[in-house]
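Listing of target.cif, mmCIF, C-alpha atoms
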```
data_entry
#
loop_
_atom_site.label_atom_id
_atom_site.label_comp_id
_atom_site.auth_asym_id
_atom_site.auth_seq_id
_atom_site.Cartn_x
_atom_site.Cartn_y
_atom_site.Cartn_z
CA MET Q 1 -57.15 -28.02 37.63
CA SER Q 2 -54.59 -27.62 34.90
CA GLY Q 3 -52.73 -24.69 33.48
CA PRO Q 4 -50.31 -22.43 35.27
CA LEU Q 5 -51.24 -19.58 37.55
CA GLU Q 6 -50.93 -16.34 35.58
CA VAL Q 7 -49.76 -13.54 37.81
CA ALA Q 8 -49.60 -9.84 36.95
CA VAL Q 9 -48.40 -7.21 39.38
CA VAL Q 10 -49.45 -3.71 38.35
CA SER Q 11 -48.82 -0.43 40.13
CA ALA Q 12 -50.53 2.88 39.43
CA GLU Q 13 -47.60 4.02 37.34
CA ARG Q 14 -46.53 0.91 35.48
CA SER Q 15 -46.62 -2.83 35.18
CA ILE Q 16 -44.16 -4.35 37.66
CA TRP Q 17 -44.01 -8.05 36.93
CA SER Q 18 -45.99 -10.66 35.09
CA GLY Q 19 -45.55 -14.33 34.33
CA SER Q 20 -46.63 -17.75 35.40
CA ALA Q 21 -46.12 -18.97 38.93
CA LYS Q 22 -46.78 -21.94 41.18
CA SER Q 23 -48.28 -20.00 44.04
CA ILE Q 24 -48.43 -16.61 45.66
CA VAL Q 25 -48.75 -15.57 49.27
CA ALA Q 26 -50.28 -12.20 50.03
CA LYS Q 27 -51.21 -10.42 53.21
CA THR Q 28 -54.76 -9.17 53.60
CA PRO Q 29 -56.24 -7.27 56.55
CA GLU Q 30 -57.32 -10.64 57.94
CA GLY Q 31 -54.03 -12.43 57.54
CA ASP Q 32 -51.88 -14.23 55.01
CA VAL Q 33 -53.57 -15.88 52.06
CA GLY Q 34 -51.93 -18.41 49.80
CA ILE Q 35 -53.18 -18.80 46.23
CA MET Q 36 -52.46 -21.82 44.08
CA ARG Q 37 -53.99 -22.86 40.80
CA GLY Q 38 -57.64 -23.71 41.05
CA HIS Q 39 -58.36 -21.17 43.76
CA GLU Q 40 -61.91 -19.87 43.89
CA PRO Q 41 -62.56 -16.34 42.58
CA MET Q 42 -61.52 -13.86 45.21
CA LEU Q 43 -61.11 -10.13 45.60
CA ALA Q 44 -59.16 -9.07 48.64
CA LEU Q 45 -57.48 -5.97 49.96
CA LEU Q 46 -53.74 -5.90 50.57
CA VAL Q 47 -51.85 -4.39 53.45
CA GLU Q 48 -48.29 -3.08 53.29
CA ALA Q 49 -46.26 -6.27 53.27
CA PRO Q 50 -44.05 -8.34 51.03
CA LEU Q 51 -45.90 -10.39 48.43
CA ARG Q 52 -44.27 -13.76 47.81
CA ILE Q 53 -44.45 -15.27 44.36
CA GLU Q 54 -43.15 -18.81 43.97
CA LEU Q 55 -42.17 -19.63 40.42
CA ASP Q 56 -42.57 -22.99 38.70
CA ASP Q 57 -38.90 -23.80 39.22
CA GLY Q 58 -39.21 -23.21 42.93
CA SER Q 59 -37.43 -19.87 43.06
CA LYS Q 60 -39.12 -17.00 44.82
CA ILE Q 61 -39.75 -13.38 43.98
CA LEU Q 62 -40.61 -10.85 46.63
CA VAL Q 63 -42.49 -7.68 45.86
CA ALA Q 64 -43.09 -4.90 48.37
CA VAL Q 65 -46.68 -3.81 47.82
CA HIS Q 66 -48.16 -0.76 49.48
CA GLY Q 67 -51.92 -0.69 49.60
CA GLY Q 68 -54.16 -2.02 46.90
CA PHE Q 69 -55.91 -5.27 46.23
CA PHE Q 70 -55.68 -8.48 44.26
CA SER Q 71 -58.22 -10.46 42.34
CA VAL Q 72 -58.19 -14.16 41.51
CA ASP Q 73 -60.30 -15.56 38.72
CA SER Q 74 -59.85 -18.68 36.59
CA ASN Q 75 -56.17 -19.07 37.48
CA LYS Q 76 -55.42 -15.42 36.77
CA VAL Q 77 -54.12 -13.32 39.62
CA ASN Q 78 -54.03 -9.56 39.23
CA VAL Q 79 -52.22 -7.73 41.97
CA ILE Q 80 -53.12 -4.06 41.80
CA ALA Q 81 -51.06 -1.94 44.15
CA GLU Q 82 -50.78 1.80 44.45
CA SER Q 83 -47.07 1.26 44.48
CA ALA Q 84 -45.09 -1.93 44.20
CA GLU Q 85 -41.36 -2.48 44.14
CA LEU Q 86 -39.13 -5.40 43.28
CA ALA Q 87 -36.04 -6.01 45.40
CA GLN Q 88 -33.69 -4.39 42.89
CA ASP Q 89 -35.73 -1.16 42.86
CA ILE Q 90 -35.50 -0.66 46.60
CA ASP Q 91 -32.97 1.60 48.22
CA ILE Q 92 -32.44 -0.26 51.47
CA ASP Q 93 -30.62 2.57 53.19
CA ARG Q 94 -33.49 4.91 52.46
CA ALA Q 95 -36.00 2.36 53.74
CA LYS Q 96 -34.00 1.94 56.95
CA ALA Q 97 -33.81 5.71 57.40
CA ALA Q 98 -37.57 5.93 56.84
CA LEU Q 99 -38.13 3.22 59.44
CA THR Q 100 -35.99 5.00 62.01
CA LEU Q 101 -37.80 8.23 61.27
CA ALA Q 102 -41.22 6.64 61.56
CA GLN Q 103 -40.35 4.89 64.82
CA ALA Q 104 -38.94 8.10 66.25
CA LEU Q 105 -42.43 9.57 66.37
CA VAL Q 106 -43.16 8.04 69.75
CA GLU Q 107 -46.19 10.19 70.42
CA SER Q 108 -48.08 9.30 67.27
CA PRO Q 109 -46.24 6.54 65.45
CA ASP Q 110 -47.01 6.44 61.76
CA LEU Q 111 -47.95 2.78 61.60
CA SER Q 112 -48.42 2.56 57.87
CA ALA Q 113 -45.04 4.21 57.28
CA ILE Q 114 -43.43 1.67 59.64
CA ARG Q 115 -45.12 -1.22 57.86
CA ARG Q 116 -44.15 0.17 54.49
CA ALA Q 117 -40.50 0.54 55.48
CA GLU Q 118 -40.44 -2.92 57.06
CA ALA Q 119 -41.89 -4.49 53.94
CA ARG Q 120 -39.26 -2.77 51.84
CA ILE Q 121 -36.43 -3.94 54.09
CA GLN Q 122 -37.72 -7.52 54.11
CA VAL Q 123 -37.94 -7.61 50.35
CA ALA Q 124 -34.58 -5.97 49.76
CA SER Q 125 -32.66 -8.10 52.24
CA ALA Q 126 -34.23 -11.41 51.21
CA MET I 1 -22.31 49.73 4.81
CA GLY I 2 -25.38 51.91 4.93
CA ALA I 3 -27.48 52.33 8.05
CA GLN I 4 -30.49 50.63 6.48
CA LEU I 5 -28.54 47.51 5.52
CA ARG I 6 -26.98 47.27 8.99
CA VAL I 7 -30.41 47.37 10.63
CA TYR I 8 -31.69 44.56 8.39
CA ARG I 9 -28.63 42.37 9.04
CA ARG I 10 -29.00 42.88 12.80
CA ARG I 11 -32.66 41.84 12.70
CA ILE I 12 -31.90 38.76 10.62
CA LYS I 13 -29.33 37.66 13.19
CA SER I 14 -31.73 38.17 16.08
CA VAL I 15 -34.55 36.27 14.35
CA GLN I 16 -32.16 33.42 13.57
CA ALA I 17 -31.12 33.22 17.20
CA THR I 18 -34.78 33.06 18.28
CA LYS I 19 -35.42 30.40 15.68
CA LYS I 20 -32.67 28.21 17.15
CA ILE I 21 -34.32 28.43 20.55
CA THR I 22 -37.83 27.67 19.32
CA LYS I 23 -36.52 24.80 17.20
CA ALA I 24 -34.79 23.31 20.25
CA MET I 25 -37.96 23.68 22.33
CA GLU I 26 -39.96 22.01 19.58
CA LEU I 27 -37.62 19.01 19.58
CA ILE I 28 -37.65 18.75 23.36
CA ALA I 29 -41.43 18.88 23.43
CA SER I 30 -41.65 16.17 20.73
CA ALA I 31 -39.46 13.88 22.78
CA ARG I 32 -41.50 14.54 25.89
CA ILE I 33 -44.84 13.81 24.23
CA VAL I 34 -43.64 10.29 23.58
CA ARG I 35 -42.57 9.90 27.19
CA ALA I 36 -45.83 11.33 28.50
CA GLN I 37 -47.75 8.99 26.20
CA ASN I 38 -45.81 6.02 27.55
CA HIS I 39 -46.67 7.04 31.11
CA LEU I 40 -50.29 7.36 30.08
CA ASN I 41 -50.36 3.90 28.52
CA ALA I 42 -48.49 2.37 31.46
CA SER I 43 -51.18 3.56 33.85
CA LEU I 44 -54.06 2.05 31.89
CA PRO I 45 -53.81 -1.59 33.14
CA TYR I 46 -54.17 -0.34 36.70
CA LEU I 47 -57.24 1.71 35.79
CA THR I 48 -58.88 -1.17 33.94
CA GLN I 49 -58.36 -3.53 36.86
CA LEU I 50 -59.50 -0.92 39.33
CA VAL I 51 -62.70 -0.17 37.44
CA GLU I 52 -63.42 -3.87 37.13
CA ALA I 53 -62.87 -4.44 40.84
CA VAL I 54 -64.92 -1.40 41.84
CA SER I 55 -67.75 -2.59 39.61
CA ALA I 56 -67.57 -6.10 41.00
CA ALA I 57 -67.54 -4.86 44.58
CA ALA I 58 -70.32 -2.37 43.85
CA SER I 59 -72.54 -5.05 42.39
CA HIS I 60 -72.12 -7.15 45.53
CA ALA I 61 -72.19 -4.44 48.18
CA SER I 62 -75.55 -3.58 49.62
CA ASP I 63 -77.06 -0.29 48.52
CA VAL I 64 -74.23 1.43 46.74
CA SER I 65 -76.20 4.63 46.24
CA LYS I 66 -76.07 5.29 49.98
CA HIS I 67 -72.28 5.21 50.01
CA PRO I 68 -70.95 8.62 51.10
CA LEU I 69 -68.91 8.97 47.89
CA THR I 70 -71.81 8.25 45.55
CA ALA I 71 -74.68 9.90 47.39
CA LYS I 72 -75.73 13.15 45.77
CA SER I 73 -76.41 16.09 47.99
CA ASP I 74 -80.04 17.23 47.71
CA ASN I 75 -79.07 20.84 47.92
CA PRO I 76 -75.49 21.36 46.76
CA VAL I 77 -74.13 24.72 47.90
CA ARG I 78 -70.43 24.50 47.13
CA ALA I 79 -68.52 22.93 44.28
CA ALA I 80 -64.80 22.46 43.78
CA ILE I 81 -63.19 22.65 40.36
CA LEU I 82 -59.77 21.15 39.80
CA ILE I 83 -58.24 23.16 36.97
CA ILE I 84 -55.20 21.67 35.30
CA THR I 85 -52.97 24.20 33.55
CA ALA I 86 -49.28 24.42 32.62
CA ASP I 87 -46.41 25.61 34.81
CA ARG I 88 -44.72 27.33 31.91
CA GLY I 89 -45.96 29.36 28.99
CA LEU I 90 -45.00 29.08 25.32
CA ALA I 91 -47.59 26.38 24.82
CA GLY I 92 -50.03 28.31 22.65
CA ALA I 93 -53.54 28.49 24.05
CA TYR I 94 -53.16 25.38 26.22
CA SER I 95 -53.53 27.03 29.63
CA SER I 96 -55.98 29.67 28.55
CA ASN I 97 -58.26 27.03 27.02
CA SER I 98 -58.38 25.22 30.34
CA ILE I 99 -59.03 28.44 32.21
CA LYS I 100 -61.73 29.46 29.74
CA GLU I 101 -63.48 26.12 30.13
CA ALA I 102 -63.24 26.42 33.91
CA GLU I 103 -64.69 29.92 33.78
CA ALA I 104 -67.65 28.66 31.74
CA LEU I 105 -68.20 25.86 34.26
CA THR I 106 -67.92 28.33 37.12
CA ARG I 107 -70.60 30.55 35.57
CA ASN I 108 -72.77 27.52 34.99
CA LEU I 109 -72.49 26.35 38.60
CA THR I 110 -72.91 29.84 40.00
CA GLU I 111 -76.18 30.18 38.08
CA LYS I 112 -77.34 27.02 39.80
CA GLY I 113 -76.68 28.79 43.09
CA MET I 114 -73.43 27.11 43.98
CA LYS I 115 -70.31 28.71 45.28
CA VAL I 116 -67.24 27.58 43.41
CA VAL I 117 -63.89 26.82 45.00
CA PRO I 118 -61.05 26.46 42.49
CA TYR I 119 -58.19 24.01 43.09
CA VAL I 120 -55.47 24.86 40.63
CA VAL I 121 -52.62 22.84 39.15
CA GLY I 122 -49.92 24.78 37.29
CA ARG I 123 -48.37 28.22 37.72
CA LYS I 124 -50.38 29.72 34.85
CA GLY I 125 -53.72 28.95 36.44
CA VAL I 126 -52.53 30.02 39.87
CA ALA I 127 -51.32 33.35 38.45
CA PHE I 128 -54.69 33.85 36.74
CA HIS I 129 -56.62 33.43 39.99
CA ARG I 130 -54.14 35.30 42.13
CA PHE I 131 -54.21 38.30 39.77
CA ARG I 132 -57.98 38.47 40.16
CA ASN I 133 -57.76 38.07 43.92
CA ARG I 134 -59.84 34.92 43.90
CA PRO I 135 -59.33 32.62 46.84
CA MET I 136 -58.20 29.11 45.91
CA GLY I 137 -58.85 25.90 47.78
CA GLY I 138 -55.46 24.54 46.87
CA THR I 139 -52.55 25.25 44.55
CA TYR I 140 -50.20 22.67 43.15
CA ILE I 141 -47.21 23.80 41.12
CA GLY I 142 -43.97 22.43 39.78
CA PHE I 143 -45.02 19.14 38.20
CA SER I 144 -47.49 19.94 35.43
CA ASP I 145 -45.22 18.47 32.73
CA GLN I 146 -44.19 15.33 34.64
CA PRO I 147 -46.85 14.36 37.14
CA THR I 148 -46.33 11.28 39.32
CA TYR I 149 -48.85 9.19 41.18
CA ALA I 150 -47.68 10.75 44.46
CA HIS I 151 -48.78 14.17 43.19
CA ALA I 152 -52.15 12.81 42.11
CA LYS I 153 -52.62 11.13 45.46
CA GLU I 154 -51.88 14.34 47.34
CA ILE I 155 -54.50 16.20 45.28
CA GLY I 156 -56.95 13.29 45.53
CA GLN I 157 -56.65 13.20 49.32
CA GLU I 158 -57.24 16.92 49.66
CA LEU I 159 -60.27 16.82 47.38
CA LEU I 160 -61.64 13.85 49.27
CA THR I 161 -61.17 15.59 52.61
CA ALA I 162 -63.01 18.63 51.25
CA PHE I 163 -65.78 16.39 49.96
CA MET I 164 -66.19 14.54 53.24
CA THR I 165 -66.41 17.79 55.22
CA PRO I 166 -70.02 18.94 55.61
CA SER I 167 -70.70 21.99 53.45
CA GLU I 168 -71.65 24.06 56.50
CA GLU I 169 -68.06 23.70 57.67
CA GLY I 170 -66.51 24.73 54.38
CA GLY I 171 -66.64 21.39 52.60
CA VAL I 172 -67.79 20.91 49.03
CA ASP I 173 -70.69 18.90 47.60
CA GLU I 174 -69.38 18.35 44.09
CA ILE I 175 -65.97 18.04 42.53
CA HIS I 176 -65.27 18.66 38.86
CA VAL I 177 -62.03 18.37 36.93
CA VAL I 178 -61.11 20.49 33.94
CA TYR I 179 -58.36 18.79 31.99
CA THR I 180 -57.11 18.46 28.44
CA ASN I 181 -57.70 15.08 26.90
CA PHE I 182 -54.88 13.77 24.75
CA THR I 183 -56.46 12.00 21.77
CA ASN I 184 -53.39 11.99 19.56
CA MET I 185 -50.50 14.22 18.49
CA ALA I 186 -52.83 16.54 16.59
CA VAL I 187 -56.02 16.48 18.66
CA GLN I 188 -56.37 17.55 22.26
CA GLN I 189 -59.60 18.74 23.78
CA THR I 190 -60.41 20.51 26.98
CA ARG I 191 -62.86 18.42 28.95
CA VAL I 192 -64.88 18.65 32.10
CA ARG I 193 -65.56 15.63 34.24
CA ARG I 194 -67.38 15.32 37.52
CA ILE I 195 -65.45 12.97 39.78
CA LEU I 196 -67.50 13.33 42.95
CA PRO I 197 -70.15 12.29 43.75
CA LEU I 198 -69.07 9.23 41.82
CA GLU I 199 -70.95 8.35 38.68
CA VAL I 200 -69.07 5.25 37.68
CA VAL I 201 -70.92 2.98 40.05
CA ASP I 202 -74.33 4.00 38.75
CA GLU I 203 -73.17 3.58 35.18
CA VAL I 204 -71.70 0.19 35.79
CA VAL I 205 -74.67 -1.10 37.69
CA GLU I 206 -77.00 0.21 34.99
CA ASN I 207 -74.92 -1.40 32.28
CA ILE I 208 -75.26 -4.73 33.96
CA GLY I 209 -78.98 -4.29 34.18
CA GLU I 210 -79.35 -3.36 30.52
CA SER I 211 -77.05 -5.91 29.01
CA GLY I 212 -78.73 -8.65 30.98
CA ASN I 213 -75.54 -9.81 32.65
CA ALA I 214 -73.78 -10.33 29.35
CA GLN I 215 -70.48 -10.42 31.17
CA PRO I 216 -71.21 -11.46 34.70
CA PHE I 217 -68.59 -10.85 37.33
CA PRO I 218 -66.99 -13.94 38.76
CA LEU I 219 -68.55 -14.85 42.08
CA TYR I 220 -65.76 -13.28 44.04
CA GLU I 221 -65.21 -14.08 47.62
CA PHE I 222 -64.49 -10.68 49.16
CA GLU I 223 -62.04 -10.22 51.90
CA PRO I 224 -62.81 -8.65 54.35
CA SER I 225 -66.23 -7.92 52.77
CA ALA I 226 -67.66 -6.35 49.62
CA GLU I 227 -68.52 -3.16 51.51
CA GLU I 228 -65.07 -2.82 52.99
CA VAL I 229 -63.39 -3.56 49.68
CA LEU I 230 -65.53 -0.86 48.08
CA ASP I 231 -64.69 1.57 50.87
CA ALA I 232 -61.01 1.00 50.26
CA LEU I 233 -61.21 1.09 46.48
CA LEU I 234 -63.34 4.17 45.85
CA PRO I 235 -60.74 6.65 47.19
CA ARG I 236 -58.14 4.86 45.02
CA TYR I 237 -60.47 5.39 42.09
CA ILE I 238 -60.58 9.12 42.77
CA ASP I 239 -56.77 9.27 42.98
CA GLN I 240 -56.55 7.37 39.73
CA MET I 241 -59.01 9.72 38.02
CA VAL I 242 -56.90 12.68 39.11
CA TYR I 243 -53.74 10.89 37.99
CA LEU I 244 -55.21 10.13 34.59
CA SER I 245 -56.32 13.74 34.16
CA LEU I 246 -52.84 14.93 35.09
CA LEU I 247 -51.17 12.53 32.65
CA ASN I 248 -53.54 13.44 29.84
CA SER I 249 -52.99 17.12 30.49
CA ALA I 250 -49.20 16.71 30.62
CA ALA I 251 -49.18 14.94 27.25
CA SER I 252 -51.48 17.64 25.84
CA GLU I 253 -49.25 20.36 27.26
CA HIS I 254 -46.24 18.97 25.43
CA ALA I 255 -48.25 18.57 22.24
CA ALA I 256 -49.51 22.17 22.50
CA ARG I 257 -45.98 23.41 23.16
CA ARG I 258 -44.61 21.48 20.21
CA ARG I 259 -47.24 22.97 17.94
CA ALA I 260 -46.66 26.50 19.23
CA MET I 261 -42.91 26.16 18.84
CA LYS I 262 -43.27 24.68 15.36
CA SER I 263 -45.28 27.64 14.15
CA ALA I 264 -42.83 30.02 15.87
CA THR I 265 -39.97 28.34 14.00
CA ASP I 266 -41.89 28.53 10.72
CA ASN I 267 -42.65 32.19 11.32
CA ALA I 268 -38.99 32.89 12.04
CA GLU I 269 -38.06 31.24 8.74
CA ASP I 270 -40.57 33.38 6.83
CA LEU I 271 -39.30 36.46 8.61
CA VAL I 272 -35.67 35.69 7.76
CA LEU I 273 -36.65 35.22 4.13
CA ALA I 274 -38.52 38.54 3.97
CA LEU I 275 -35.74 40.38 5.78
CA THR I 276 -33.07 38.87 3.51
CA ARG I 277 -35.01 40.14 0.48
CA ALA I 278 -35.25 43.61 2.00
CA ALA I 279 -31.56 43.57 2.93
CA ASN I 280 -30.60 42.55 -0.62
CA ALA I 281 -32.73 45.35 -2.04
CA ALA I 282 -31.12 47.80 0.36
CA ARG I 283 -27.63 46.64 -0.64
CA GLN I 284 -28.46 46.93 -4.32
CA ALA I 285 -29.91 50.40 -3.80
CA GLU I 286 -26.71 51.41 -2.07
CA ILE I 287 -24.57 50.10 -4.94
CA THR I 288 -26.76 51.81 -7.55
CA GLN I 289 -26.52 55.04 -5.66
CA GLU I 290 -22.72 54.79 -5.41
CA ILE I 291 -22.40 54.08 -9.14
CA SER I 292 -24.60 56.98 -10.09
CA GLU I 293 -22.58 59.20 -7.76
CA ILE I 294 -19.28 58.08 -9.37
CA VAL I 295 -20.71 58.47 -12.88
CA GLY I 296 -22.10 61.86 -11.95
CA GLY I 297 -18.71 62.91 -10.57
CA ALA I 298 -16.85 61.71 -13.68
CA ASP I 299 -19.34 63.46 -15.92
CA ALA I 300 -18.82 66.66 -13.98
CA LEU I 301 -15.03 66.40 -14.44
CA THR I 302 -15.14 65.74 -18.19
CA ALA I 303 -17.77 68.34 -18.87
#
```
Is it possible to express this structure as structure tokens?
Amino acid sequence: MSGPLEVAVVSAERSIWSGSAKSIVAKTPEGDVGIMRGHEPMLALLVEAPLRIELDDGSKILVAVHGGFFSVDSNKVNVIAESAELAQDIDIDRAKAALTLAQALVESPDLSAIRRAEARIQVASA
Amino acid sequence: MGAQLRVYRRRIKSVQATKKITKAMELIASARIVRAQNHLNASLPYLTQLVEAVSAAASHASDVSKHPLTAKSDNPVRAAILIITADRGLAGAYSSNSIKEAEALTRNLTEKGMKVVPYVVGRKGVAFHRFRNRPMGGTYIGFSDQPTYAHAKEIGQELLTAFMTPSEEGGVDEIHVVYTNFTNMAVQQTRVRRILPLEVVDEVVENIGESGNAQPFPLYEFEPSAEEVLDALLPRYIDQMVYLSLLNSAASEHAARRRAMKSATDNAEDLVLALTRAANAARQAEITQEISEIVGGADALTA
């Protein structure tokens, strides 16, 4: 299979990132999935986790995605997230505060809030 | 200076002050239309992808018409209407057009034997319903001119909860949205759209059938499964529909406000012109009167 992998990350409000990449690693409800060029068509849900995009030159971009899905078809990857943030858009102090707050609810921990905050922190501190 | 002239001058000043305000509001609204339009355009890629994915999942999932979000109730008894109006006035007939359209829809649904529950966005619509003592299912104020996805999601969730509740327990069987579609700077139309039960899936599936698979979906491998993907995507689709309606309405609100403020500014200009003419005539009348008084006085002395 030739040609680069075209990746577009789109959130409900705007387009976050697009370009060509070597591979991406995303987290679905059933575990991590790595996509390289030539992957079969696929439509999978995403869970709150960092999405890793490896560029052609080997550098990596992390995006915190919160809910959504991605589709792969003929070397095009569309990541459609309700909200997605690049490292520079994340306020790490706020994410940490949100994590503390979410964990403080011992009785009924807000799991998705915890995952969301953790994804943000991972992306921002990478 | 005569009393008449003073009154005219005072009115001219007051109209000019009003004109400055309306002119400023016009400029602000113009700037905001552009911003609202950008938001609208920025949200379109997401919608396109979402619709494509929903269609793909729907064509693979077994028996889409049985899905709780697409199944029509045989005997609908309650319907919700999401009415999108402005938070602030001075936007011409923008809010009242929405309300009028919603009233027509309400009558229509009531004739079909349904009870209508309004969900209202914008202070103007809320005030309208509150003044008439009509109970509302939900009120959302403070963001009509700059809606974000978070707002849309909040509304979407509440509508979805209402839809999933059985109608015997106060849930609704149908959800309609009344919004103002932004076609361009000059054209905005009030529109009604039913968002639940979902129609998109039927349409898409039918389109495939008619066009003979002109554009077949790639043979996606679904993860976890087509049904579960569909389950997760349909609520997103609702949120997105609400978001799109909010964005369209916000852009239309700014356009309506710009138009209203433009005609207010134009009117103020006309008024200043007319008043200046009247003031000039009053001044001239005063001068003429003074001259004739002086001439009359001099005549009396020489006579």
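Counting from CA of Ala150 (chain I), the distance to CA of Pro68 (chain I) is 24.3 Å.
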Practice item. Select residues of chain Q: the criterion is any atom within 9 Å of an atom of chain I, counting only C-alpha atoms; output as an NGL selection string. Key: :Q and (10-15 or 28-30 or 40-45 or 68-74 or 78 or 80-83)
Scan for residues within 12 Å of the point (-43.3, 20.4, 38.9) in the coordinates of the file, using all atoms listed in the file, and reply as a PyMOL selection string. chain I and resi 85-88+121-123+139-148+150-151+246+250
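Remark: for Gly58 (chain Q), the closest of the candidate residues Q:Lys96, Q:Arg120, Q:Arg37, Q:Lys22 is Q:Lys22 (distances computed over only C-alpha atoms).
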Check your understanding: Mind listing as a ChimeraX atom specification all residues within 12 Å of (-39.2, 17.1, 17.5), counting only C-alpha atoms?
Key -> /I:22-34,185,254-255,257-259,261-262,265
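Counting from CA of His66 (chain Q), the distance to CA of Glu48 (chain Q) is 4.5 Å.
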